[in-house]
$ cat upload_34.cif   # mmCIF, C-alpha atoms
data_protein
loop_
_atom_site.label_atom_id
_atom_site.label_comp_id
_atom_site.auth_asym_id
_atom_site.auth_seq_id
_atom_site.Cartn_x
_atom_site.Cartn_y
_atom_site.Cartn_z
CA MET A 1 67.82 270.22 -267.85
CA ALA A 2 64.97 267.82 -267.86
CA GLN A 3 65.72 264.19 -268.30
CA TYR A 4 63.65 261.89 -270.43
CA LYS A 5 62.20 259.13 -268.27
CA PRO A 6 59.81 256.94 -270.25
CA SER A 7 59.35 254.39 -267.45
CA GLU A 8 58.16 257.08 -265.05
CA VAL A 9 55.34 258.11 -267.38
CA ARG A 10 54.33 254.50 -267.86
CA GLN A 11 54.25 253.98 -264.11
CA ALA A 12 52.19 257.06 -263.54
CA LYS A 13 49.54 255.81 -265.98
CA GLY A 14 49.22 252.56 -264.15
CA GLN A 15 48.70 254.26 -260.83
CA THR A 16 45.62 256.33 -261.67
CA ALA A 17 42.51 255.54 -259.67
CA PRO A 18 39.81 253.43 -261.39
CA GLN A 19 37.25 255.73 -262.97
CA GLU A 20 33.71 255.59 -261.51
CA PRO A 21 30.77 256.71 -263.62
CA ASN A 22 29.70 260.20 -262.75
CA LEU A 23 26.23 259.75 -261.26
CA VAL A 24 25.65 263.35 -260.31
CA PRO A 25 23.90 264.40 -263.58
CA ILE A 26 21.64 261.34 -263.37
CA MET A 27 20.82 262.20 -259.78
CA ASN A 28 19.99 265.73 -260.79
CA LEU A 29 17.70 264.46 -263.53
CA PHE A 30 15.91 262.10 -261.15
CA LEU A 31 15.51 264.74 -258.50
CA THR A 32 13.87 266.96 -261.11
CA ILE A 33 11.59 264.32 -262.61
CA ILE A 34 10.35 262.72 -259.39
CA PRO A 35 8.71 265.78 -257.77
CA PHE A 36 7.15 266.59 -261.13
CA MET A 37 5.69 263.09 -261.43
CA LEU A 38 4.52 263.11 -257.83
CA MET A 39 2.29 266.03 -258.72
CA PHE A 40 0.54 263.97 -261.38
CA VAL A 41 0.42 260.61 -259.70
CA VAL A 42 -3.00 259.23 -258.87
CA ILE A 43 -2.78 256.85 -255.96
CA SER A 44 -6.42 256.19 -255.32
CA GLN A 45 -8.86 253.44 -256.03
CA VAL A 46 -11.80 255.59 -257.01
CA SER A 47 -14.09 253.74 -259.36
CA LEU A 48 -17.11 255.05 -261.22
CA VAL A 49 -20.74 254.11 -261.62
CA ALA A 50 -22.17 255.60 -264.79
CA LEU A 51 -25.68 256.68 -265.69
CA ASN A 52 -26.33 257.40 -269.32
CA PHE A 53 -28.67 260.29 -270.00
CA SER A 54 -27.89 260.67 -273.70
CA GLN A 55 -30.88 260.78 -276.04
CA GLY A 56 -30.12 257.58 -277.97
CA GLU A 57 -29.90 255.41 -274.90
CA GLY A 58 -33.39 256.05 -273.69
CA GLY A 59 -32.72 258.70 -271.10
CA GLY A 60 -32.65 257.91 -267.46
CA GLY A 61 -33.47 261.42 -266.46
CA SER A 62 -34.93 262.22 -263.13
CA GLY A 63 -38.02 263.64 -264.74
CA GLY A 64 -39.86 260.63 -265.93
CA GLY A 65 -37.81 257.49 -266.17
CA GLY A 66 -37.18 257.79 -269.88
CA GLY A 67 -36.81 254.86 -272.16
CA GLY A 68 -38.78 253.76 -275.17
CA LYS A 69 -39.24 250.19 -274.01
CA ALA A 70 -42.56 248.55 -273.82
CA ASP A 71 -44.35 248.70 -270.48
CA GLN A 72 -44.30 244.92 -270.19
CA GLN A 73 -40.52 245.08 -269.85
CA LYS A 74 -40.45 247.92 -267.38
CA VAL A 75 -39.02 246.95 -264.01
CA GLU A 76 -38.93 249.52 -261.24
CA ILE A 77 -37.12 249.48 -257.91
CA HIS A 78 -38.58 251.85 -255.35
CA ILE A 79 -36.33 252.74 -252.46
CA LEU A 80 -38.58 253.90 -249.66
CA GLY A 81 -37.14 255.92 -246.83
CA LYS A 82 -38.06 256.81 -243.28
CA ALA A 83 -40.56 259.47 -244.31
CA TYR A 84 -42.47 256.83 -246.24
CA LYS A 85 -42.34 254.61 -243.17
CA ALA A 86 -43.83 257.38 -241.03
CA ALA A 87 -46.71 257.74 -243.47
CA ASN A 88 -47.26 254.15 -244.59
CA GLY A 89 -45.55 252.00 -242.00
CA PHE A 90 -43.11 250.37 -244.39
CA MET A 91 -39.45 251.04 -245.01
CA GLY A 92 -37.47 249.09 -247.54
CA MET A 93 -37.50 248.37 -251.23
CA GLU A 94 -40.18 247.35 -253.67
CA ILE A 95 -39.77 245.78 -257.08
CA ARG A 96 -42.67 246.51 -259.38
CA GLU A 97 -43.14 244.60 -262.59
CA PRO A 98 -46.21 244.75 -264.82
CA GLY A 99 -48.29 241.59 -264.47
CA ILE A 100 -46.43 240.37 -261.39
CA ASP A 101 -47.14 241.06 -257.73
CA THR A 102 -45.00 243.74 -256.16
CA LYS A 103 -42.16 242.25 -254.16
CA GLN A 104 -41.37 243.98 -250.91
CA MET A 105 -38.07 243.75 -249.12
CA ALA A 106 -38.38 245.26 -245.68
CA ALA A 107 -35.45 247.03 -244.08
CA ILE A 108 -33.91 245.26 -241.11
CA SER A 109 -33.46 247.78 -238.27
CA ASP A 110 -33.38 250.66 -240.78
CA ALA A 111 -30.79 248.93 -242.99
CA TYR A 112 -31.90 247.95 -246.47
CA ASP A 113 -31.85 244.26 -247.30
CA PHE A 114 -29.50 244.25 -250.27
CA VAL A 115 -29.04 240.49 -250.07
CA ALA A 116 -32.78 240.03 -250.72
CA LEU A 117 -32.63 242.62 -253.48
CA ASP A 118 -29.78 240.75 -255.13
CA ARG A 119 -31.80 237.53 -254.94
CA VAL A 120 -34.87 239.16 -256.51
CA LEU A 121 -32.79 240.79 -259.25
CA LYS A 122 -31.28 237.41 -260.09
CA ASP A 123 -34.79 236.01 -260.33
CA VAL A 124 -35.85 238.84 -262.69
CA ARG A 125 -32.71 238.27 -264.75
CA SER A 126 -33.50 234.54 -265.10
CA ARG A 127 -37.02 235.35 -266.34
CA LYS A 128 -36.08 238.27 -268.59
CA THR A 129 -32.71 237.37 -270.02
CA SER A 130 -32.62 240.08 -272.67
CA LEU A 131 -33.75 242.95 -270.44
CA THR A 132 -31.07 245.59 -269.87
CA ASP A 133 -33.19 248.51 -268.62
CA ILE A 134 -34.25 249.03 -265.05
CA THR A 135 -35.57 252.10 -263.25
CA VAL A 136 -34.54 253.13 -259.76
CA LEU A 137 -36.91 255.50 -257.96
CA VAL A 138 -35.30 257.02 -254.94
CA HIS A 139 -37.16 258.88 -252.22
CA PRO A 140 -35.49 262.14 -251.12
CA ASP A 141 -34.57 260.99 -247.62
CA VAL A 142 -32.83 257.81 -248.77
CA LEU A 143 -29.07 258.03 -248.30
CA TYR A 144 -26.77 258.32 -251.29
CA GLY A 145 -24.82 255.22 -250.29
CA ASP A 146 -27.97 253.07 -250.38
CA MET A 147 -28.92 254.42 -253.81
CA ILE A 148 -25.45 253.65 -255.20
CA LYS A 149 -25.56 250.12 -253.74
CA THR A 150 -28.91 249.53 -255.45
CA ILE A 151 -27.61 250.78 -258.81
CA ASP A 152 -24.49 248.68 -258.32
CA LEU A 153 -26.51 245.49 -257.75
CA CYS A 154 -28.59 246.26 -260.86
CA LYS A 155 -25.45 246.63 -262.95
CA ASP A 156 -23.88 243.56 -261.40
CA ASN A 157 -26.95 241.53 -262.43
CA GLY A 158 -26.71 242.64 -266.04
CA PHE A 159 -29.09 245.62 -266.05
CA THR A 160 -26.66 247.92 -267.75
CA GLN A 161 -29.12 250.73 -268.49
CA VAL A 162 -30.10 252.02 -265.09
CA HIS A 163 -32.58 254.90 -265.09
CA TYR A 164 -32.51 257.18 -262.10
CA THR A 165 -35.86 258.74 -261.31
CA ARG A 166 -37.37 261.00 -258.72
CA PRO A 167 -40.70 259.69 -257.49
CA LYS A 168 -43.62 262.06 -257.12
CA VAL A 169 -43.60 262.19 -253.35
CA SER A 170 -46.52 263.37 -251.27
CA TYR A 171 -46.89 262.10 -247.75
CA TYR A 172 -50.18 262.42 -245.86
CA TYR A 173 -50.01 262.07 -242.12
CA MET B 174 74.04 244.53 -262.26
CA ASN B 175 76.94 244.08 -259.86
CA ILE B 176 76.65 243.58 -256.12
CA ARG B 177 77.19 247.25 -255.37
CA ASP B 178 74.32 248.27 -257.54
CA ARG B 179 72.15 245.62 -256.02
CA LEU B 180 72.92 246.86 -252.50
CA ARG B 181 72.23 250.40 -253.57
CA SER B 182 68.91 249.41 -255.00
CA THR B 183 67.87 247.67 -251.75
CA ASP B 184 68.92 250.60 -249.61
CA LYS B 185 65.85 251.76 -247.75
CA SER B 186 66.86 255.36 -247.73
CA ARG B 187 66.89 255.46 -251.49
CA ARG B 188 63.82 253.33 -252.08
CA LYS B 189 61.15 255.08 -254.01
CA VAL B 190 57.94 255.36 -252.01
CA ARG B 191 54.82 255.06 -254.06
CA ARG B 192 52.04 257.36 -253.14
CA LYS B 193 48.88 255.66 -252.04
CA PHE B 194 45.62 256.41 -253.79
CA GLU B 195 43.72 259.15 -252.14
CA ASP B 196 40.79 257.79 -250.17
CA VAL B 197 37.43 258.44 -251.78
CA LYS B 198 35.62 260.91 -249.60
CA GLY B 199 31.91 261.55 -249.39
CA LEU B 200 28.80 259.37 -249.50
CA SER B 201 28.25 256.63 -252.00
CA ILE B 202 25.18 257.67 -253.96
CA THR B 203 24.72 254.36 -255.75
CA SER B 204 22.17 253.06 -253.24
CA LEU B 205 20.29 256.34 -253.36
CA LEU B 206 20.25 256.08 -257.12
CA ASP B 207 18.76 252.58 -256.85
CA VAL B 208 15.98 253.86 -254.60
CA LEU B 209 15.25 256.73 -256.95
CA THR B 210 15.12 254.36 -259.92
CA ILE B 211 12.54 252.19 -258.13
CA ILE B 212 10.45 255.26 -257.26
CA LEU B 213 10.69 256.50 -260.82
CA VAL B 214 9.44 253.19 -262.25
CA PHE B 215 6.56 253.20 -259.76
CA LEU B 216 5.63 256.76 -260.66
CA ILE B 217 5.80 256.13 -264.38
CA LYS B 218 3.38 253.25 -263.88
CA ASN B 219 0.95 255.34 -261.84
CA VAL B 220 1.21 258.70 -263.46
CA SER B 221 -1.98 259.87 -265.06
CA THR B 222 -1.86 261.86 -268.24
CA GLU B 223 -5.63 262.15 -268.38
CA SER B 224 -7.13 265.58 -268.26
CA VAL B 225 -9.47 264.41 -265.49
CA LYS B 226 -7.92 263.78 -262.14
CA ILE B 227 -10.31 261.88 -259.91
CA SER B 228 -8.62 261.78 -256.58
CA ALA B 229 -10.20 260.51 -253.42
CA GLU B 230 -11.12 263.29 -251.03
CA ALA B 231 -10.03 262.67 -247.47
CA ASN B 232 -13.20 264.09 -245.91
CA LEU B 233 -15.60 262.05 -248.04
CA MET B 234 -16.89 258.59 -247.20
CA TYR B 235 -17.38 256.99 -250.58
CA PRO B 236 -19.93 254.24 -251.12
CA THR B 237 -18.51 250.91 -252.25
CA THR B 238 -19.46 249.12 -255.43
CA ILE B 239 -18.71 245.87 -257.21
CA THR B 240 -18.95 247.36 -260.67
CA ASN B 241 -16.57 249.90 -262.13
CA ASP B 242 -17.56 251.73 -265.29
CA ALA B 243 -14.79 253.18 -267.39
CA LEU B 244 -14.88 256.86 -268.14
CA LEU B 245 -15.56 257.65 -271.78
CA ALA B 246 -12.42 258.13 -273.82
CA LYS B 247 -13.63 261.41 -275.29
CA ALA B 248 -15.24 262.96 -272.27
CA GLY B 249 -15.26 266.53 -271.12
CA THR B 250 -15.88 266.32 -267.41
CA THR B 251 -17.07 268.63 -264.68
CA PRO B 252 -16.55 267.43 -261.11
CA ILE B 253 -18.92 268.24 -258.29
CA LYS B 254 -18.04 267.33 -254.72
CA ILE B 255 -20.81 267.10 -252.17
CA PHE B 256 -19.63 267.12 -248.58
CA PRO B 257 -22.09 266.97 -245.68
CA ASP B 258 -21.59 270.70 -245.08
CA LYS B 259 -20.49 272.14 -248.42
CA ILE B 260 -20.54 271.70 -252.17
CA ILE B 261 -17.54 272.36 -254.42
CA VAL B 262 -18.19 272.76 -258.12
CA GLY B 263 -15.97 272.54 -261.19
CA THR B 264 -12.29 272.00 -261.82
CA GLU B 265 -11.56 275.40 -260.26
CA GLY B 266 -13.06 274.18 -256.98
CA LEU B 267 -15.67 276.91 -256.62
CA GLN B 268 -17.46 277.05 -253.30
CA TYR B 269 -21.17 276.70 -253.91
CA GLY B 270 -22.63 276.62 -250.43
CA SER B 271 -24.28 273.98 -248.32
CA PRO B 272 -26.34 271.05 -249.68
CA ALA B 273 -29.41 272.39 -247.88
CA GLU B 274 -29.33 275.49 -250.08
CA LEU B 275 -30.03 273.30 -253.10
CA ASN B 276 -33.51 272.60 -251.81
CA GLN B 277 -34.21 275.88 -250.07
CA ASN B 278 -32.69 278.62 -252.20
CA THR B 279 -34.14 278.99 -255.70
CA GLU B 280 -31.56 281.60 -256.65
CA LYS B 281 -28.67 279.32 -255.73
CA ARG B 282 -30.25 276.47 -257.69
CA GLU B 283 -30.51 278.74 -260.71
CA GLN B 284 -26.86 279.74 -260.30
CA LEU B 285 -25.82 276.09 -260.31
CA PHE B 286 -27.90 275.42 -263.41
CA GLN B 287 -26.38 278.43 -265.24
CA TYR B 288 -22.86 277.38 -264.29
CA LEU B 289 -23.40 273.79 -265.45
CA LYS B 290 -25.00 275.03 -268.67
CA MET B 291 -22.02 277.27 -269.36
CA GLU B 292 -19.59 274.41 -268.66
CA ALA B 293 -21.52 271.96 -270.85
CA GLN B 294 -21.68 274.42 -273.74
CA ASP B 295 -17.98 275.12 -273.31
CA ILE B 296 -17.14 271.41 -273.50
CA ILE B 297 -19.30 270.89 -276.60
CA ARG B 298 -18.13 274.04 -278.41
CA ASN B 299 -14.42 274.01 -277.63
CA GLU B 300 -13.57 270.40 -277.07
CA GLY B 301 -16.24 268.59 -279.09
CA MET B 302 -16.52 265.89 -276.46
CA GLU B 303 -19.29 264.13 -274.57
CA THR B 304 -20.40 266.01 -271.49
CA CYS B 305 -19.92 264.14 -268.23
CA LEU B 306 -20.61 265.19 -264.68
CA ILE B 307 -18.63 263.39 -262.00
CA VAL B 308 -20.44 263.38 -258.68
CA GLN B 309 -18.28 262.75 -255.63
CA ALA B 310 -20.64 262.64 -252.70
CA ASP B 311 -20.53 261.47 -249.13
CA ASN B 312 -22.26 258.21 -248.21
CA SER B 313 -24.59 259.98 -245.82
CA ILE B 314 -25.95 262.66 -248.17
CA PRO B 315 -29.72 262.36 -248.68
CA CYS B 316 -30.62 261.56 -252.26
CA GLY B 317 -32.85 264.63 -252.48
CA TYR B 318 -29.73 266.75 -253.03
CA ILE B 319 -28.25 264.31 -255.52
CA THR B 320 -31.52 264.33 -257.47
CA GLU B 321 -31.45 268.14 -257.62
CA ILE B 322 -27.92 268.06 -259.01
CA VAL B 323 -28.73 265.32 -261.52
CA ASP B 324 -31.80 267.30 -262.54
CA ALA B 325 -29.81 270.49 -263.04
CA ALA B 326 -27.04 268.68 -264.91
CA THR B 327 -29.33 266.85 -267.33
CA SER B 328 -31.27 270.05 -267.98
CA ALA B 329 -27.98 271.87 -268.59
CA GLY B 330 -27.00 269.34 -271.26
CA TYR B 331 -24.89 266.70 -269.54
CA SER B 332 -25.25 263.33 -271.23
CA TYR B 333 -23.52 261.19 -268.63
CA ILE B 334 -23.48 261.29 -264.87
CA TYR B 335 -20.74 259.37 -263.10
CA PHE B 336 -20.80 258.62 -259.40
CA ALA B 337 -17.43 258.19 -257.76
CA THR B 338 -17.22 255.15 -255.50
CA LEU B 339 -14.65 252.80 -254.05
CA GLU B 340 -14.37 249.40 -255.64
CA ASP B 341 -15.02 246.52 -253.29
CA ALA B 342 -16.00 243.21 -254.83
CA ASP B 343 -17.08 241.78 -251.46
CA TRP B 344 -19.25 244.53 -250.05
CA LEU B 345 -22.42 242.44 -250.33
CA GLN B 346 -20.89 239.57 -248.34
CA LYS B 347 -19.60 242.02 -245.74
CA TYR B 348 -22.99 243.71 -245.61
CA ASN B 349 -24.66 240.34 -245.17
CA VAL B 350 -22.40 239.52 -242.25
CA SER B 351 -22.89 242.92 -240.61
CA THR B 352 -26.69 242.81 -240.86
CA THR B 353 -26.91 239.25 -239.52
CA GLN B 354 -24.71 240.22 -236.56
#
$ encode --input "upload_34.cif" --output "structure tokens"
Amino acid sequence: MAQYKPSEVRQAKGQTAPQEPNLVPIMNLFLTIIPFMLMFVVISQVSLVALNFSQGEGGGGSGGGGGGKADQQKVEIHILGKAYKAANGFMGMEIREPGIDTKQMAAISDAYDFVALDRVLKDVRSRKTSLTDITVLVHPDVLYGDMIKTIDLCKDNGFTQVHYTRPKVSYYY
Amino acid sequence: MNIRDRLRSTDKSRRKVRRKFEDVKGLSITSLLDVLTIILVFLIKNVSTESVKISAEANLMYPTTITNDALLAKAGTTPIKIFPDKIIVGTEGLQYGSPAELNQNTEKREQLFQYLKMEAQDIIRNEGMETCLIVQADNSIPCGYITEIVDAATSAGYSYIYFATLEDADWLQKYNVSTTQ
């Protein structure tokens, strides 16, 4: 016959191990979420340089420079490549403004002088404070990196509407 | 309690032996949980819910720029990746061919134009968004190819062209140093 022992039950209660939170479901949740998020994570520092070709903004198309601005305001940067050098003996960049002499920035050992370009753009900016449009004419043999650097300097100097244009190239040797 | 009871209670043979707690076996996962929590917070911060995923391609040398234009909020985008030896078009990553074919092969150029036109119309009709082309090209690609693509894209109805670059606020200073050296 079983004997009633209240003290034994009380003692047994006191001897149970301290309860730890059950972390296994949380672990399972994390192990499910993390691979899923890793698929969508973007760990890159890719930035963007935009050209606006929409109708209202005055184009920028490669066909003809676009823009409804007056010719007096039109500033063009010509990036001249090696093919131009072979034909005309000059490689570098030219800034053409109506009414002002063309500024030439010669390439230094086939590397474009972006420091000089930045200086000239700052000068244009100081003279034409409200001008936001600028046209970049790129010869076909100019490298993409040099074209992007030119557009970048234009944008950095406040020319937010950069028009990208293909020049009508014909070399005569 | 008399002395006999006392002696009986101190008798070792009759002493009740308490069972020790069983040792906890297995690894402690608390530290692992801490690590996972840190990773989770980092991922939540960096996760992109945008429909456009612009990830840097390992084989491309991106040009560096000071400026960084934000992508339009309501933009339907088509990526085009121009490697020195191949061109990959669209979100499906379709193989187009080599960059040289853009200038030499009229049929291929027409194919690109038709594809971009279809994509642009699809964006306008189904999504009602602005059409954007994201050009990811290598530093050393001649601009003649880029111009062909920009030409085709604008003719196909793309309003915005974005060029993917790497942001570097000091590239002009670095360039200055490298050219003077």
$ residues_around --input "upload_34.cif" --residues "stretch 148-160 of chain A" --least-positions-apart "6" --cutoff "6 Å" --atoms "only C-alpha atoms" --output "list in words"
Thr132 and Asp133 of chain A; Thr238 of chain B
$ interface_residues --input "upload_34.cif" --of "chain B" --to "chain A" --cutoff "7 Å" --atoms "all atoms listed in the file" --output "JSON, numbers by chain"
{"B": [194, 206, 209, 213, 216, 219, 220, 221, 228, 229, 236, 238, 239, 240, 241, 242, 243, 312, 313, 314, 315, 316, 317, 320, 324, 327, 332, 333, 334, 335, 336, 337, 338, 339, 340, 345, 349]}
$ closest_residue --input "upload_34.cif" --among "B:Glu300, B:Glu283, B:Glu274, B:Glu230" --to "B:Ala248" --atoms "all atoms listed in the file"
B:Glu300
$ resolve_selection --input "upload_34.cif" --expression "the PyMOL selection byres ((chain B and resi 259) around 8)" --output "CSV table (one decimal) with C-alpha atoms, keeping the file's coordinate frame"
chain,number,residue,atom,x,y,z
B,255,ILE,CA,-20.8,267.1,-252.2
B,256,PHE,CA,-19.6,267.1,-248.6
B,257,PRO,CA,-22.1,267.0,-245.7
B,258,ASP,CA,-21.6,270.7,-245.1
B,260,ILE,CA,-20.5,271.7,-252.2
B,261,ILE,CA,-17.5,272.4,-254.4
B,268,GLN,CA,-17.5,277.0,-253.3
B,269,TYR,CA,-21.2,276.7,-253.9
B,270,GLY,CA,-22.6,276.6,-250.4
B,271,SER,CA,-24.3,274.0,-248.3
B,272,PRO,CA,-26.3,271.0,-249.7
$ resolve_selection --input "upload_34.cif" --expression "the PyMOL selection byres ((chain A and resi 77) around 6)" --output "mmCIF file with C-alpha atoms, in the frame of the given file"
data_model
loop_
_atom_site.group_PDB
_atom_site.id
_atom_site.type_symbol
_atom_site.label_atom_id
_atom_site.label_comp_id
_atom_site.auth_asym_id
_atom_site.auth_seq_id
_atom_site.Cartn_x
_atom_site.Cartn_y
_atom_site.Cartn_z
ATOM 1 C CA GLU A 76 -38.930 249.520 -261.240
ATOM 2 C CA HIS A 78 -38.580 251.850 -255.350
ATOM 3 C CA GLU A 94 -40.180 247.350 -253.670
ATOM 4 C CA ILE A 95 -39.770 245.780 -257.080
ATOM 5 C CA VAL A 136 -34.540 253.130 -259.760
#
$ resolve_selection --input "upload_34.cif" --expression "the PyMOL selection byres ((chain A and resi 131) around 10)" --output "list in words"
Lys69, Gln73, Lys74, Val75, Val124, Arg125, Ser126, Arg127, Lys128, Thr129, Ser130, Thr132, Asp133, Ile134, Gly158, Phe159, Thr160 and Gln161 of chain A
$ atom_distance --input "upload_34.cif" --atom1 "atom CA of B:Gly330" --atom2 "atom CA of B:Asn299"
14.9 Å
$ axis_aligned_box --input "upload_34.cif" --around "stretch 152-167 of chain A" --padding-each-side "6 Å" --output "AutoDock Vina command-line options"
--center_x -32.3 --center_y 251.3 --center_z -263.0 --size_x 28.8 --size_y 31.5 --size_z 23.0
$ atom_distance --input "upload_34.cif" --atom1 "atom CA of A:Val162" --atom2 "atom CA of A:Leu137"
10.5 Å
$ atom_distance --input "upload_34.cif" --atom1 "atom CA of A:Val120" --atom2 "atom CA of A:Ala86"
25.5 Å
$ closest_residue --input "upload_34.cif" --among "A:Thr102, A:Lys122, A:Leu117, A:Ala107" --to "A:Phe90" --atoms "only C-alpha atoms"
A:Ala107
$ closest_residue --input "upload_34.cif" --among "A:Leu29, A:Glu20, A:Ala106, A:Gly99" --to "A:Ile79" --atoms "all atoms listed in the file"
A:Ala106
$ build_atoms --input "upload_34.cif" --residues "stretch 290-307 of chain B" --atoms "N, CA and C atoms" --output "PDB file, keeping the file's coordinate frame"
ATOM      1  N   LYS B 290     -24.646 274.788-267.256  1.00  0.00           N
ATOM      2  CA  LYS B 290     -25.000 275.030-268.670  1.00  0.00           C
ATOM      3  C   LYS B 290     -23.804 275.641-269.408  1.00  0.00           C
ATOM      4  N   MET B 291     -23.191 276.604-268.764  1.00  0.00           N
ATOM      5  CA  MET B 291     -22.020 277.270-269.360  1.00  0.00           C
ATOM      6  C   MET B 291     -20.882 276.264-269.573  1.00  0.00           C
ATOM      7  N   GLU B 292     -20.653 275.425-268.578  1.00  0.00           N
ATOM      8  CA  GLU B 292     -19.590 274.410-268.660  1.00  0.00           C
ATOM      9  C   GLU B 292     -19.887 273.402-269.780  1.00  0.00           C
ATOM     10  N   ALA B 293     -21.132 272.954-269.827  1.00  0.00           N
ATOM     11  CA  ALA B 293     -21.520 271.960-270.850  1.00  0.00           C
ATOM     12  C   ALA B 293     -21.365 272.546-272.247  1.00  0.00           C
ATOM     13  N   GLN B 294     -21.809 273.780-272.422  1.00  0.00           N
ATOM     14  CA  GLN B 294     -21.680 274.420-273.740  1.00  0.00           C
ATOM     15  C   GLN B 294     -20.207 274.610-274.102  1.00  0.00           C
ATOM     16  N   ASP B 295     -19.415 274.934-273.099  1.00  0.00           N
ATOM     17  CA  ASP B 295     -17.980 275.120-273.310  1.00  0.00           C
ATOM     18  C   ASP B 295     -17.320 273.817-273.768  1.00  0.00           C
ATOM     19  N   ILE B 296     -17.706 272.723-273.141  1.00  0.00           N
ATOM     20  CA  ILE B 296     -17.140 271.410-273.500  1.00  0.00           C
ATOM     21  C   ILE B 296     -17.541 271.055-274.936  1.00  0.00           C
ATOM     22  N   ILE B 297     -18.819 271.264-275.257  1.00  0.00           N
ATOM     23  CA  ILE B 297     -19.300 270.890-276.600  1.00  0.00           C
ATOM     24  C   ILE B 297     -18.661 271.790-277.661  1.00  0.00           C
ATOM     25  N   ARG B 298     -18.618 273.086-277.398  1.00  0.00           N
ATOM     26  CA  ARG B 298     -18.130 274.040-278.410  1.00  0.00           C
ATOM     27  C   ARG B 298     -16.620 273.934-278.597  1.00  0.00           C
ATOM     28  N   ASN B 299     -15.881 273.948-277.520  1.00  0.00           N
ATOM     29  CA  ASN B 299     -14.420 274.010-277.630  1.00  0.00           C
ATOM     30  C   ASN B 299     -13.740 272.659-277.750  1.00  0.00           C
ATOM     31  N   GLU B 300     -14.258 271.684-277.087  1.00  0.00           N
ATOM     32  CA  GLU B 300     -13.570 270.400-277.070  1.00  0.00           C
ATOM     33  C   GLU B 300     -14.237 269.345-277.945  1.00  0.00           C
ATOM     34  N   GLY B 301     -15.515 269.555-278.254  1.00  0.00           N
ATOM     35  CA  GLY B 301     -16.240 268.590-279.090  1.00  0.00           C
ATOM     36  C   GLY B 301     -16.337 267.220-278.471  1.00  0.00           C
ATOM     37  N   MET B 302     -16.489 267.180-277.166  1.00  0.00           N
ATOM     38  CA  MET B 302     -16.520 265.890-276.460  1.00  0.00           C
ATOM     39  C   MET B 302     -17.901 265.657-275.841  1.00  0.00           C
ATOM     40  N   GLU B 303     -18.069 264.444-275.301  1.00  0.00           N
ATOM     41  CA  GLU B 303     -19.290 264.130-274.570  1.00  0.00           C
ATOM     42  C   GLU B 303     -19.237 264.825-273.205  1.00  0.00           C
ATOM     43  N   THR B 304     -20.376 265.299-272.765  1.00  0.00           N
ATOM     44  CA  THR B 304     -20.400 266.010-271.490  1.00  0.00           C
ATOM     45  C   THR B 304     -20.665 265.041-270.338  1.00  0.00           C
ATOM     46  N   CYS B 305     -19.793 265.048-269.379  1.00  0.00           N
ATOM     47  CA  CYS B 305     -19.920 264.140-268.230  1.00  0.00           C
ATOM     48  C   CYS B 305     -19.817 264.927-266.925  1.00  0.00           C
ATOM     49  N   LEU B 306     -20.688 264.604-266.023  1.00  0.00           N
ATOM     50  CA  LEU B 306     -20.610 265.190-264.680  1.00  0.00           C
ATOM     51  C   LEU B 306     -20.150 264.093-263.726  1.00  0.00           C
ATOM     52  N   ILE B 307     -19.112 264.372-262.965  1.00  0.00           N
ATOM     53  CA  ILE B 307     -18.630 263.390-262.000  1.00  0.00           C
ATOM     54  C   ILE B 307     -19.047 263.830-260.601  1.00  0.00           C
TER      55      ILE B 307
END
